[in-house]
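Novice: protein-v4.cif is reproduced in full below (mmCIF, C-alpha atoms and all ligand atoms).
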data_coords
#
loop_
_atom_site.label_atom_id
_atom_site.label_comp_id
_atom_site.auth_asym_id
_atom_site.auth_seq_id
_atom_site.Cartn_x
_atom_site.Cartn_y
_atom_site.Cartn_z
CA MET J 970 136.99 -16.73 -24.42
CA PRO J 971 139.67 -17.97 -21.99
CA HIS J 972 140.72 -15.42 -19.35
CA ASP J 973 144.39 -14.61 -18.71
CA SER J 974 145.42 -15.26 -15.10
CA GLY J 975 145.23 -11.52 -14.20
CA SER J 976 141.63 -11.08 -15.27
CA ARG J 977 140.79 -14.53 -13.84
CA ARG J 978 142.11 -13.37 -10.45
CA ALA J 979 140.13 -10.11 -10.74
CA LEU J 980 136.95 -12.06 -11.51
CA ASP J 981 137.61 -14.40 -8.58
CA LYS J 982 138.07 -11.42 -6.28
CA LEU J 983 134.84 -9.83 -7.52
CA ALA J 984 132.90 -13.03 -6.89
CA ARG J 985 134.40 -13.44 -3.41
CA ASN J 986 133.60 -9.80 -2.48
CA ARG J 987 130.05 -10.21 -3.71
CA PHE J 988 129.74 -13.36 -1.58
CA TYR J 989 131.05 -11.69 1.58
CA ARG J 990 128.62 -8.78 1.16
CA ARG J 991 125.70 -11.20 0.75
CA SER J 992 126.81 -13.31 3.69
CA ALA J 993 126.35 -10.34 6.03
CA MET J 994 122.88 -11.76 6.90
CA SER J 995 123.28 -13.82 10.06
CA ASN J 996 121.60 -17.11 10.96
CA LYS J 997 120.84 -19.08 14.05
CA CYS J 998 122.56 -22.40 13.37
CA LEU J 999 122.61 -25.89 14.77
CA VAL J 1000 125.92 -27.62 13.97
CA THR J 1001 126.27 -31.38 14.47
CA GLY J 1002 129.80 -32.74 14.79
CA ALA J 1003 130.87 -29.30 16.03
CA ALA J 1004 133.94 -30.50 17.95
CA GLY J 1005 135.37 -32.40 15.00
CA PHE J 1006 138.11 -31.36 12.62
CA ILE J 1007 135.93 -29.65 9.99
CA GLY J 1008 133.04 -28.83 12.35
CA SER J 1009 135.24 -26.74 14.64
CA HIS J 1010 136.61 -24.71 11.73
CA LEU J 1011 133.04 -24.24 10.49
CA VAL J 1012 131.94 -23.01 13.94
CA ASP J 1013 134.76 -20.43 13.98
CA SER J 1014 133.73 -19.18 10.52
CA LEU J 1015 130.03 -18.96 11.45
CA LEU J 1016 130.85 -16.94 14.57
CA GLN J 1017 133.05 -14.67 12.48
CA ARG J 1018 130.11 -14.07 10.13
CA GLY J 1019 127.86 -13.02 13.03
CA ASP J 1020 125.79 -16.22 13.39
CA ILE J 1021 124.44 -17.61 16.66
CA VAL J 1022 125.71 -21.18 16.91
CA VAL J 1023 124.68 -24.17 19.00
CA GLY J 1024 127.07 -27.07 18.46
CA VAL J 1025 126.38 -30.68 19.40
CA ASP J 1026 128.87 -33.52 19.49
CA ASN J 1027 129.15 -36.81 21.38
CA LEU J 1028 132.90 -36.19 21.64
CA LYS J 1029 133.73 -39.74 20.52
CA LEU J 1030 135.98 -38.49 17.72
CA GLY J 1031 135.88 -34.74 18.28
CA ARG J 1032 137.73 -32.77 20.95
CA THR J 1033 136.65 -29.71 22.94
CA SER J 1034 140.21 -28.38 22.49
CA ASN J 1035 139.32 -27.86 18.80
CA LEU J 1036 136.81 -25.29 20.01
CA ALA J 1037 139.14 -23.54 22.46
CA LYS J 1038 138.53 -20.14 20.85
CA ALA J 1039 134.81 -20.60 20.14
CA LEU J 1040 133.99 -21.73 23.69
CA SER J 1041 134.68 -18.25 25.05
CA HIS J 1042 132.43 -16.63 22.42
CA PRO J 1043 129.09 -15.25 23.69
CA ARG J 1044 127.24 -16.46 20.56
CA PHE J 1045 128.41 -20.09 20.92
CA ARG J 1046 127.32 -23.02 23.02
CA LEU J 1047 128.53 -26.62 22.83
CA VAL J 1048 126.35 -29.43 24.15
CA GLU J 1049 127.71 -32.96 24.57
CA LEU J 1050 124.99 -35.08 23.10
CA ASP J 1051 124.49 -37.99 20.73
CA VAL J 1052 122.52 -36.89 17.66
CA ASN J 1053 120.73 -40.25 17.73
CA ASP J 1054 119.30 -39.39 21.14
CA VAL J 1055 116.33 -37.71 19.45
CA PRO J 1056 114.44 -36.75 22.65
CA ALA J 1057 117.56 -35.04 24.03
CA LEU J 1058 118.30 -33.25 20.76
CA SER J 1059 114.68 -32.17 20.41
CA ALA J 1060 114.60 -30.86 23.99
CA LEU J 1061 117.79 -28.91 23.37
CA VAL J 1062 116.41 -27.34 20.18
CA ALA J 1063 113.14 -26.46 21.96
CA LYS J 1064 115.04 -24.82 24.82
CA GLU J 1065 117.43 -22.94 22.55
CA SER J 1066 114.54 -21.79 20.32
CA ALA J 1067 112.81 -19.93 23.16
CA ALA J 1068 114.45 -16.61 22.29
CA ALA J 1069 114.57 -17.11 18.52
CA PRO J 1070 114.03 -20.12 16.26
CA PHE J 1071 116.86 -21.86 14.42
CA ASP J 1072 116.86 -21.22 10.69
CA PHE J 1073 119.82 -23.32 9.56
CA ALA J 1074 121.36 -26.72 10.36
CA TRP J 1075 124.84 -27.90 9.33
CA HIS J 1076 125.08 -31.68 9.58
CA LEU J 1077 128.67 -32.87 9.96
CA ALA J 1078 128.34 -35.57 12.62
CA ALA J 1079 129.42 -38.89 11.13
CA ASN J 1080 131.88 -41.69 11.58
CA SER J 1081 135.05 -40.35 9.98
CA ASP J 1082 137.06 -43.52 10.60
CA ILE J 1083 136.34 -45.45 7.39
CA ARG J 1084 138.39 -48.44 8.52
CA ALA J 1085 136.42 -48.70 11.78
CA GLY J 1086 133.30 -48.87 9.60
CA VAL J 1087 134.77 -51.79 7.68
CA ALA J 1088 135.60 -53.70 10.87
CA ASP J 1089 132.21 -53.04 12.52
CA PHE J 1090 129.18 -52.98 10.26
CA GLU J 1091 127.14 -50.98 12.78
CA VAL J 1092 129.38 -47.93 13.01
CA ASP J 1093 128.45 -46.22 9.75
CA PHE J 1094 124.83 -47.22 10.01
CA ARG J 1095 124.63 -45.54 13.41
CA ASP J 1096 126.89 -42.51 13.10
CA THR J 1097 126.83 -41.78 9.36
CA PHE J 1098 123.25 -42.68 8.36
CA LEU J 1099 121.13 -42.76 11.51
CA THR J 1100 122.44 -39.35 12.63
CA THR J 1101 121.00 -37.94 9.38
CA HIS J 1102 117.66 -39.67 9.91
CA SER J 1103 117.56 -38.54 13.56
CA LEU J 1104 118.46 -34.96 12.71
CA LEU J 1105 115.79 -34.85 9.99
CA LYS J 1106 113.16 -35.85 12.56
CA VAL J 1107 114.21 -32.93 14.75
CA LEU J 1108 114.31 -30.48 11.83
CA ARG J 1109 110.77 -31.50 10.90
CA GLU J 1110 109.48 -31.25 14.46
CA HIS J 1111 110.96 -27.79 15.00
CA ARG J 1112 110.45 -26.50 11.44
CA ILE J 1113 114.12 -25.72 10.80
CA PRO J 1114 113.97 -24.99 7.09
CA ARG J 1115 117.51 -25.11 5.69
CA LEU J 1116 120.12 -27.86 5.84
CA ALA J 1117 123.73 -28.08 4.68
CA PHE J 1118 125.19 -31.59 4.60
CA ALA J 1119 128.79 -32.85 4.51
CA SER J 1120 128.78 -35.66 1.95
CA THR J 1121 131.79 -37.27 0.34
CA SER J 1122 133.54 -38.41 -2.81
CA ALA J 1123 133.13 -41.95 -1.39
CA ILE J 1124 129.51 -42.04 -2.63
CA TYR J 1125 130.85 -42.42 -6.20
CA GLY J 1126 132.70 -45.71 -5.65
CA GLU J 1127 135.37 -46.59 -8.20
CA HIS J 1128 135.17 -44.83 -11.55
CA PRO J 1129 137.73 -44.17 -14.25
CA GLY J 1130 137.97 -40.51 -15.24
CA LEU J 1131 136.54 -37.43 -13.61
CA MET J 1132 133.55 -37.86 -11.32
CA ARG J 1133 130.86 -35.33 -12.12
CA GLU J 1134 127.88 -34.59 -9.93
CA ASP J 1135 125.50 -36.16 -12.47
CA LEU J 1136 127.42 -39.48 -12.68
CA GLY J 1137 125.37 -42.61 -12.12
CA PRO J 1138 124.36 -45.21 -11.22
CA LEU J 1139 126.35 -44.91 -8.02
CA PHE J 1140 127.78 -47.98 -6.28
CA PRO J 1141 129.92 -47.02 -3.26
CA ILE J 1142 132.53 -49.57 -2.12
CA SER J 1143 132.65 -48.67 1.60
CA ASN J 1144 129.93 -48.72 4.28
CA TYR J 1145 130.81 -45.11 4.90
CA GLY J 1146 130.17 -44.15 1.24
CA ALA J 1147 126.98 -46.21 1.21
CA MET J 1148 125.61 -44.54 4.34
CA LYS J 1149 126.46 -41.07 3.02
CA LEU J 1150 124.66 -41.86 -0.24
CA ALA J 1151 121.68 -43.11 1.78
CA SER J 1152 121.81 -39.86 3.76
CA GLU J 1153 121.69 -37.83 0.54
CA ALA J 1154 118.62 -39.83 -0.48
CA ALA J 1155 116.91 -39.26 2.89
CA ILE J 1156 117.64 -35.54 2.68
CA SER J 1157 116.20 -35.38 -0.83
CA ALA J 1158 112.96 -36.97 0.40
CA ALA J 1159 112.85 -34.61 3.39
CA LEU J 1160 113.17 -31.69 1.01
CA GLU J 1161 110.06 -32.85 -0.79
CA ALA J 1162 108.20 -33.24 2.50
CA PHE J 1163 109.24 -30.37 4.79
CA LEU J 1164 112.63 -28.72 4.22
CA GLU J 1165 112.86 -25.50 2.21
CA ARG J 1166 116.37 -25.66 0.85
CA VAL J 1167 119.32 -28.03 0.98
CA TRP J 1168 123.01 -27.84 0.13
CA ILE J 1169 124.91 -31.10 -0.27
CA PHE J 1170 128.69 -30.82 -0.40
CA ARG J 1171 130.75 -33.74 -1.64
CA PHE J 1172 134.20 -33.33 -0.09
CA PRO J 1173 137.40 -35.06 -1.18
CA ASN J 1174 140.06 -35.77 1.49
CA VAL J 1175 140.22 -32.69 3.64
CA VAL J 1176 143.46 -31.77 5.41
CA GLY J 1177 144.62 -29.09 7.84
CA SER J 1178 145.02 -28.14 11.49
CA ARG J 1179 142.91 -29.91 14.19
CA ALA J 1180 142.86 -33.14 12.16
CA THR J 1181 141.38 -35.98 14.20
CA HIS J 1182 142.23 -38.65 11.62
CA GLY J 1183 143.62 -39.14 8.11
CA ALA J 1184 146.92 -40.21 6.57
CA ILE J 1185 148.93 -37.11 7.53
CA TYR J 1186 147.73 -37.31 11.14
CA ASP J 1187 148.49 -41.06 11.25
CA PHE J 1188 151.99 -40.56 9.79
CA VAL J 1189 152.79 -37.87 12.38
CA GLN J 1190 151.62 -40.13 15.25
CA LYS J 1191 153.58 -43.11 13.91
CA LEU J 1192 156.77 -41.05 13.59
CA LYS J 1193 156.34 -39.70 17.13
CA ARG J 1194 156.30 -43.32 18.32
CA ASN J 1195 159.17 -44.42 16.07
CA PRO J 1196 161.18 -41.58 14.50
CA ALA J 1197 163.41 -44.04 12.65
CA GLU J 1198 160.84 -45.58 10.33
CA LEU J 1199 157.45 -44.82 8.81
CA GLU J 1200 155.25 -47.73 7.81
CA VAL J 1201 152.78 -46.81 5.04
CA LEU J 1202 149.66 -48.83 4.17
CA GLY J 1203 149.72 -49.68 0.45
CA ASP J 1204 152.52 -49.12 -2.03
CA GLY J 1205 152.32 -45.31 -1.97
CA THR J 1206 150.93 -44.95 -5.49
CA GLN J 1207 147.37 -44.11 -4.34
CA GLU J 1208 146.53 -40.71 -5.76
CA LYS J 1209 143.69 -38.49 -4.56
CA PRO J 1210 142.85 -34.83 -4.37
CA TYR J 1211 143.64 -33.32 -0.97
CA PHE J 1212 141.89 -30.14 -0.08
CA HIS J 1213 142.77 -27.63 2.62
CA VAL J 1214 140.11 -27.05 5.29
CA ALA J 1215 140.40 -23.23 4.92
CA ASP J 1216 139.48 -23.52 1.22
CA LEU J 1217 136.69 -25.95 2.11
CA ILE J 1218 135.04 -23.62 4.64
CA GLU J 1219 135.20 -20.74 2.18
CA ALA J 1220 133.73 -22.88 -0.62
CA MET J 1221 130.81 -24.06 1.56
CA HIS J 1222 129.87 -20.50 2.52
CA PHE J 1223 130.22 -19.40 -1.07
CA ILE J 1224 127.90 -22.17 -2.30
CA VAL J 1225 125.28 -21.45 0.38
CA ALA J 1226 125.31 -17.76 -0.55
CA GLN J 1227 125.29 -18.26 -4.32
CA ALA J 1228 123.54 -21.53 -5.19
CA GLY J 1229 119.82 -20.78 -5.19
CA GLU J 1230 118.15 -24.06 -6.24
CA ARG J 1231 116.03 -25.89 -3.69
CA LEU J 1232 118.40 -28.88 -3.92
CA ASN J 1233 122.00 -27.79 -4.42
CA PHE J 1234 124.72 -30.43 -4.72
CA TYR J 1235 128.35 -29.69 -5.45
CA ASN J 1236 131.68 -31.48 -5.57
CA ILE J 1237 134.21 -29.40 -3.66
CA GLY J 1238 137.80 -30.12 -4.52
CA THR J 1239 141.06 -29.10 -6.06
CA ALA J 1240 141.02 -28.15 -9.70
CA GLU J 1241 141.91 -31.64 -10.90
CA THR J 1242 145.22 -31.85 -9.05
CA VAL J 1243 146.06 -34.89 -6.92
CA SER J 1244 148.78 -35.97 -4.51
CA SER J 1245 150.27 -39.42 -4.04
CA VAL J 1246 150.58 -41.10 -0.67
CA ARG J 1247 154.34 -41.21 -1.30
CA PHE J 1248 154.36 -37.39 -1.62
CA MET J 1249 152.48 -37.08 1.68
CA ALA J 1250 154.76 -39.52 3.49
CA GLU J 1251 157.88 -37.71 2.27
CA SER J 1252 156.42 -34.34 3.25
CA VAL J 1253 155.68 -35.58 6.80
CA VAL J 1254 159.09 -37.23 7.19
CA ARG J 1255 160.84 -34.00 6.10
CA LEU J 1256 159.25 -32.01 8.94
CA GLN J 1257 158.57 -34.59 11.63
CA ALA J 1258 161.58 -36.94 11.50
CA PRO J 1259 164.12 -36.07 8.78
CA GLY J 1260 166.04 -39.15 7.71
CA ALA J 1261 163.34 -41.67 8.72
CA ARG J 1262 163.07 -44.65 6.40
CA ILE J 1263 159.72 -45.06 4.64
CA ARG J 1264 158.52 -48.67 4.40
CA PHE J 1265 155.70 -49.11 1.88
CA GLY J 1266 153.24 -52.02 1.98
CA ALA J 1267 151.89 -54.02 -0.93
CA GLY J 1268 149.06 -53.21 -3.35
CA ASN J 1269 147.46 -49.93 -4.18
CA LYS J 1270 144.69 -50.00 -1.57
CA GLY J 1271 145.35 -48.75 1.95
CA TRP J 1272 142.40 -50.77 3.30
CA VAL J 1273 139.18 -52.48 2.22
CA GLY J 1274 136.89 -49.83 0.75
CA ASP J 1275 139.78 -47.46 -0.06
CA VAL J 1276 139.35 -45.95 -3.53
CA PRO J 1277 142.98 -45.96 -4.73
CA LYS J 1278 142.82 -43.33 -7.47
CA PHE J 1279 140.16 -40.78 -8.13
CA ASN J 1280 139.60 -37.26 -9.13
CA TYR J 1281 136.52 -35.30 -9.68
CA SER J 1282 135.22 -32.48 -11.71
CA ILE J 1283 134.64 -29.13 -10.03
CA GLU J 1284 133.37 -27.48 -13.21
CA LYS J 1285 129.96 -26.91 -11.59
CA LEU J 1286 131.59 -25.09 -8.66
CA LYS J 1287 133.79 -23.05 -10.98
CA ALA J 1288 130.75 -22.07 -13.04
CA LEU J 1289 129.19 -20.76 -9.83
CA GLY J 1290 132.24 -18.51 -9.48
CA TRP J 1291 134.56 -20.21 -7.00
CA SER J 1292 137.99 -21.79 -7.53
CA PRO J 1293 140.36 -23.23 -4.93
CA ARG J 1294 143.48 -21.27 -4.04
CA LEU J 1295 145.76 -24.25 -3.40
CA THR J 1296 146.72 -27.27 -5.51
CA SER J 1297 146.54 -30.66 -3.83
CA ASP J 1298 150.32 -30.76 -3.17
CA GLN J 1299 150.24 -27.22 -1.73
CA ALA J 1300 147.32 -28.20 0.53
CA VAL J 1301 149.25 -31.27 1.72
CA ASN J 1302 152.43 -29.29 2.48
CA ARG J 1303 150.48 -26.63 4.37
CA ALA J 1304 148.53 -29.23 6.36
CA VAL J 1305 151.69 -31.20 7.19
CA ALA J 1306 153.30 -28.04 8.62
CA GLU J 1307 150.16 -27.28 10.69
CA ILE J 1308 149.67 -30.83 11.99
CA VAL J 1309 153.36 -31.35 12.84
CA GLU J 1310 153.36 -28.04 14.71
CA GLU J 1311 150.23 -28.69 16.79
CA ASN J 1312 151.32 -32.25 17.66
CA ARG J 1313 154.79 -31.20 18.90
CA ALA J 1314 154.00 -31.63 22.59
N1 LIG Z 1 137.82 -35.10 6.62
C1 LIG Z 1 137.55 -35.52 5.40
O1 LIG Z 1 138.46 -35.76 4.62
C2 LIG Z 1 136.12 -35.69 4.94
C3 LIG Z 1 135.88 -36.08 3.61
C4 LIG Z 1 134.58 -36.24 3.17
C5 LIG Z 1 133.52 -35.99 4.04
N2 LIG Z 1 133.77 -35.64 5.34
C6 LIG Z 1 132.62 -35.43 6.23
O2 LIG Z 1 132.77 -34.20 6.91
C7 LIG Z 1 132.20 -34.30 8.22
C8 LIG Z 1 133.24 -33.88 9.26
O3 LIG Z 1 134.35 -34.79 9.19
P1 LIG Z 1 135.68 -34.57 10.02
O4 LIG Z 1 136.80 -34.94 9.13
O5 LIG Z 1 135.68 -33.26 10.67
O6 LIG Z 1 135.55 -35.75 11.08
P2 LIG Z 1 135.56 -35.70 12.67
O7 LIG Z 1 135.51 -37.10 13.13
O8 LIG Z 1 136.70 -34.86 13.14
O9 LIG Z 1 134.18 -34.97 12.98
C9 LIG Z 1 132.95 -35.67 13.08
C10 LIG Z 1 132.37 -35.30 14.44
O10 LIG Z 1 131.09 -35.92 14.58
C11 LIG Z 1 130.99 -36.39 15.92
N3 LIG Z 1 129.99 -37.47 15.93
C12 LIG Z 1 130.05 -38.67 15.28
N4 LIG Z 1 128.93 -39.39 15.53
C13 LIG Z 1 128.17 -38.62 16.34
C14 LIG Z 1 126.90 -38.81 16.94
N5 LIG Z 1 126.21 -39.96 16.79
N6 LIG Z 1 126.39 -37.82 17.70
C15 LIG Z 1 127.08 -36.66 17.90
N7 LIG Z 1 128.29 -36.43 17.35
C16 LIG Z 1 128.83 -37.40 16.59
C17 LIG Z 1 132.38 -36.86 16.28
O11 LIG Z 1 132.62 -36.92 17.68
C18 LIG Z 1 133.23 -35.81 15.59
O12 LIG Z 1 133.52 -34.72 16.45
C19 LIG Z 1 131.75 -35.75 8.38
O13 LIG Z 1 130.39 -35.84 8.07
C20 LIG Z 1 132.57 -36.48 7.33
O14 LIG Z 1 131.92 -37.65 6.90
C21 LIG Z 1 135.04 -35.49 5.81
#
Would you put the structure from the file into structure tokens?

Specialist:
Amino acid sequence: MPHDSGSRRALDKLARNRFYRRSAMSNKCLVTGAAGFIGSHLVDSLLQRGDIVVGVDNLKLGRTSNLAKALSHPRFRLVELDVNDVPALSALVAKESAAAPFDFAWHLAANSDIRAGVADFEVDFRDTFLTTHSLLKVLREHRIPRLAFASTSAIYGEHPGLMREDLGPLFPISNYGAMKLASEAAISAALEAFLERVWIFRFPNVVGSRATHGAIYDFVQKLKRNPAELEVLGDGTQEKPYFHVADLIEAMHFIVAQAGERLNFYNIGTAETVSSVRFMAESVVRLQAPGARIRFGAGNKGWVGDVPKFNYSIEKLKALGWSPRLTSDQAVNRAVAEIVEENRA
């Protein structure tokens, strides 16, 4: 029977309360990509939950300023390190395990610049796939049993209609998507061999404060350089779901607390709402440089490997008991306000 919105909200609240009670158990966590956009928000949330957190990042894309608050926390430590330097990562884990072993790893280190991965074939192999392989070696050596992995909608490639988790065969169209899919495969094999439990999250485009990349961030930077005109890649008709990082962090914790299979894999996204690039550009112009002219390019792809239109099903996540608070357009507007504000200087 369909629920009216009042009882739907009450059910949502019940599920969220149940999740927060369960999440009272704290972990000792290794977080790769900790200084990045999503990684830094994740670190804050883990510290808030009572976890002990060791973050690693090579700081190529991430920034220590993203961790300004966390760095003064007694349960947090950031180490500048390349995940592919396996001896260094292993030595760090050994040293940090002296008092108590790690029981959880969150793997977010990756190349997040999809276009850089198109220009240089090595980038996604090294930072998106090899980091997974390297981390798995260290997890095996130090018997760290649980792994949560940041995967992506890009593994699905181009598909008409809603992308469900059981869609296949999968043929990604970017190196980035291919290397994430390969990472999922490597993690699945590691689960068979030595891991105890795995959570794979397939994110859509995530937006919000501390962005290190992405269309909103790019638009803000372009308008700072030239407040009179905004040049947009593609004709503005690309439509994708945009998801706010606050919702994303909450959804990941909810899934870890509630999804009890050995291999858990979930799309995380807006409830089938999307935003166009035109909407994003107009939203940025309104706050960053009112009156700026928007100049669109040609074609509906921003770059090679860009999936111009997609949306995916989050029925599996909803069935677990979690729904996003914001629509895609609301997430975009909130992120635009946050990114414009923090890039004012
Ligand atoms: N932002 C999105 O829209 C989105 C969408 C889908 C999936 N994801 C995934 O979520 C994760 C976080 O993405 P983000 O948006 O925060 O990007 P980000 O670039 O801000 O964060 C990634 C971090 O990983 C670090 N890193 C990269 N290679 C490394 C290496 N070899 N060793 C150590 N550190 C390394 C970078 O310096 C950076 O701080 C990534 O795995 C990304 O693929 C993001």

Novice: Looking at only C-alpha atoms, which of J:Phe1140, J:Thr1033, J:Ala1067, J:Ile1308 is the one that sits closest to Tyr1125 (chain J)?

Specialist: J:Phe1140

Novice: Nearest residue to ligand LIG 1 (chain Z) out of J:Ala1069, J:Leu1289, J:Ala1162, J:Ile1237, using all atoms listed in the file?

Specialist: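 Distance minimum relative to ligand LIG 1 (chain Z) lands on J:Ile1237.
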
Novice: Would you mind listing the residues within 7 Å of ligand LIG 1 (chain Z), counting all atoms listed in the file, as a PyMOL selection string?

Specialist: chain J and resi 1001-1008+1025-1032+1050-1053+1076-1081+1095-1097+1100+1119-1122+1171-1176+1180-1182

Novice: Pick from J:Pro1043, J:Gly1266, J:Gly1024, J:Pro1114: nearest to Phe1073 (chain J), with only C-alpha atoms counted?

Specialist: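 Distance minimum relative to Phe1073 (chain J) lands on J:Pro1114.
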
Novice: State, in Å with one decimal place, the distance from CA of Asp1013 (chain J) to CA of Leu1036 (chain J).

Specialist: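 Spanning CA of Asp1013 (chain J) to CA of Leu1036 (chain J) is a straight-line distance of 8.0 Å.
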
Novice: Work out how far apart CA of Asn1280 (chain J) and CA of Ala1123 (chain J) are and give it in Å to one decimal.

Specialist: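 Taking CA of Asn1280 (chain J) and CA of Ala1123 (chain J), their separation equals 11.1 Å.
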
Novice: Can you pull out every residue within 12 Å of region 1127-1139 of chain J, counting only C-alpha atoms, but drop anything in the same chain fewer than 2 positions away, and send it as number ranges by chain?

Specialist: J: 1120-1125, 1141-1143, 1146-1147, 1149-1151, 1154, 1169-1173, 1209-1210, 1233-1238, 1240-1243, 1270, 1274-1286

Novice: Would you compute the distance between CA of Arg1247 (chain J) and CA of Trp1291 (chain J)? Give it in Å to one decimal.

Specialist: 29.4 Å

Novice: Would you kindly return, as an MDAnalysis selection string, each protein, DNA or RNA residue with an atom no farther than 10 Å from any atom of region 1186-1188 of chain J, considering all atoms listed in the file and excluding same-chain residues fewer than 5 positions away?

Specialist: chainID J and resid 1176:1181 1193:1194 1199:1201 1249:1251 1253:1254 1257 1304:1305 1308:1309 1312

Novice: Just give me the residues with any atom within 9 Å of (119.6, -24.9, 6.3), file coordinates, counting only C-alpha atoms, written as a PyMOL selection string.

Specialist: chain J and resi 998+1072-1075+1113-1118+1164-1168+1225

Novice: Select, from J:Asn1144, J:Asn1035, J:Thr1239, J:Ser1152, the residue with the minimum atom-to-atom distance to Lys1287 (chain J), counting only C-alpha atoms.

Specialist: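 The closest residue to Lys1287 (chain J) is J:Thr1239.
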
Novice: Could you name the residues that touch region 1109-1112 of chain J at 9 Å or less, counting all atoms listed in the file, but leaving out those on the same chain fewer than 4 positions away, as a PDB file with C-alpha atoms, keeping the file's coordinate frame?

Specialist:
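Produced file part-v2.pdb, reproduced below:
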ATOM      1  CA  SER J1059     114.680 -32.170  20.410  1.00  0.00           C
ATOM      2  CA  VAL J1062     116.410 -27.340  20.180  1.00  0.00           C
ATOM      3  CA  ALA J1063     113.140 -26.460  21.960  1.00  0.00           C
ATOM      4  CA  SER J1066     114.540 -21.790  20.320  1.00  0.00           C
ATOM      5  CA  PRO J1070     114.030 -20.120  16.260  1.00  0.00           C
ATOM      6  CA  PHE J1071     116.860 -21.860  14.420  1.00  0.00           C
ATOM      7  CA  ASP J1072     116.860 -21.220  10.690  1.00  0.00           C
ATOM      8  CA  LEU J1104     118.460 -34.960  12.710  1.00  0.00           C
ATOM      9  CA  LEU J1105     115.790 -34.850   9.990  1.00  0.00           C
ATOM     10  CA  ALA J1159     112.850 -34.610   3.390  1.00  0.00           C
ATOM     11  CA  ALA J1162     108.200 -33.240   2.500  1.00  0.00           C
ATOM     12  CA  PHE J1163     109.240 -30.370   4.790  1.00  0.00           C
ATOM     13  CA  LEU J1164     112.630 -28.720   4.220  1.00  0.00           C
TER      14      LEU J1164
END

Novice: Please determine, counting all atoms listed in the file, which residue among J:Ala1258, J:Val1012, J:Val1055, J:Ala1155 has the shortest atom-to-atom distance to His1042 (chain J).

Specialist: J:Val1012

Novice: Using all atoms listed in the file, pick whichever of J:Ala1267, J:Ala1039, J:Glu1310, J:Gln1190 has the shortest atom-to-atom distance to Ser1014 (chain J).

Specialist: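 Among the listed residues, the smallest separation from Ser1014 (chain J) belongs to J:Ala1039.
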
Novice: Using the file's own x, y and z axes, so that the box edges lie along x, y and z, what centre and edge lengths in Å (one decimal) does a box around every listed atom of region 1154-1167 of chain J get when 3 Å is added on each side? Give it as JSON.

Specialist:
{"center_x": 113.8, "center_y": -32.7, "center_z": 2.0, "size_x": 17.1, "size_y": 20.3, "size_z": 11.6}
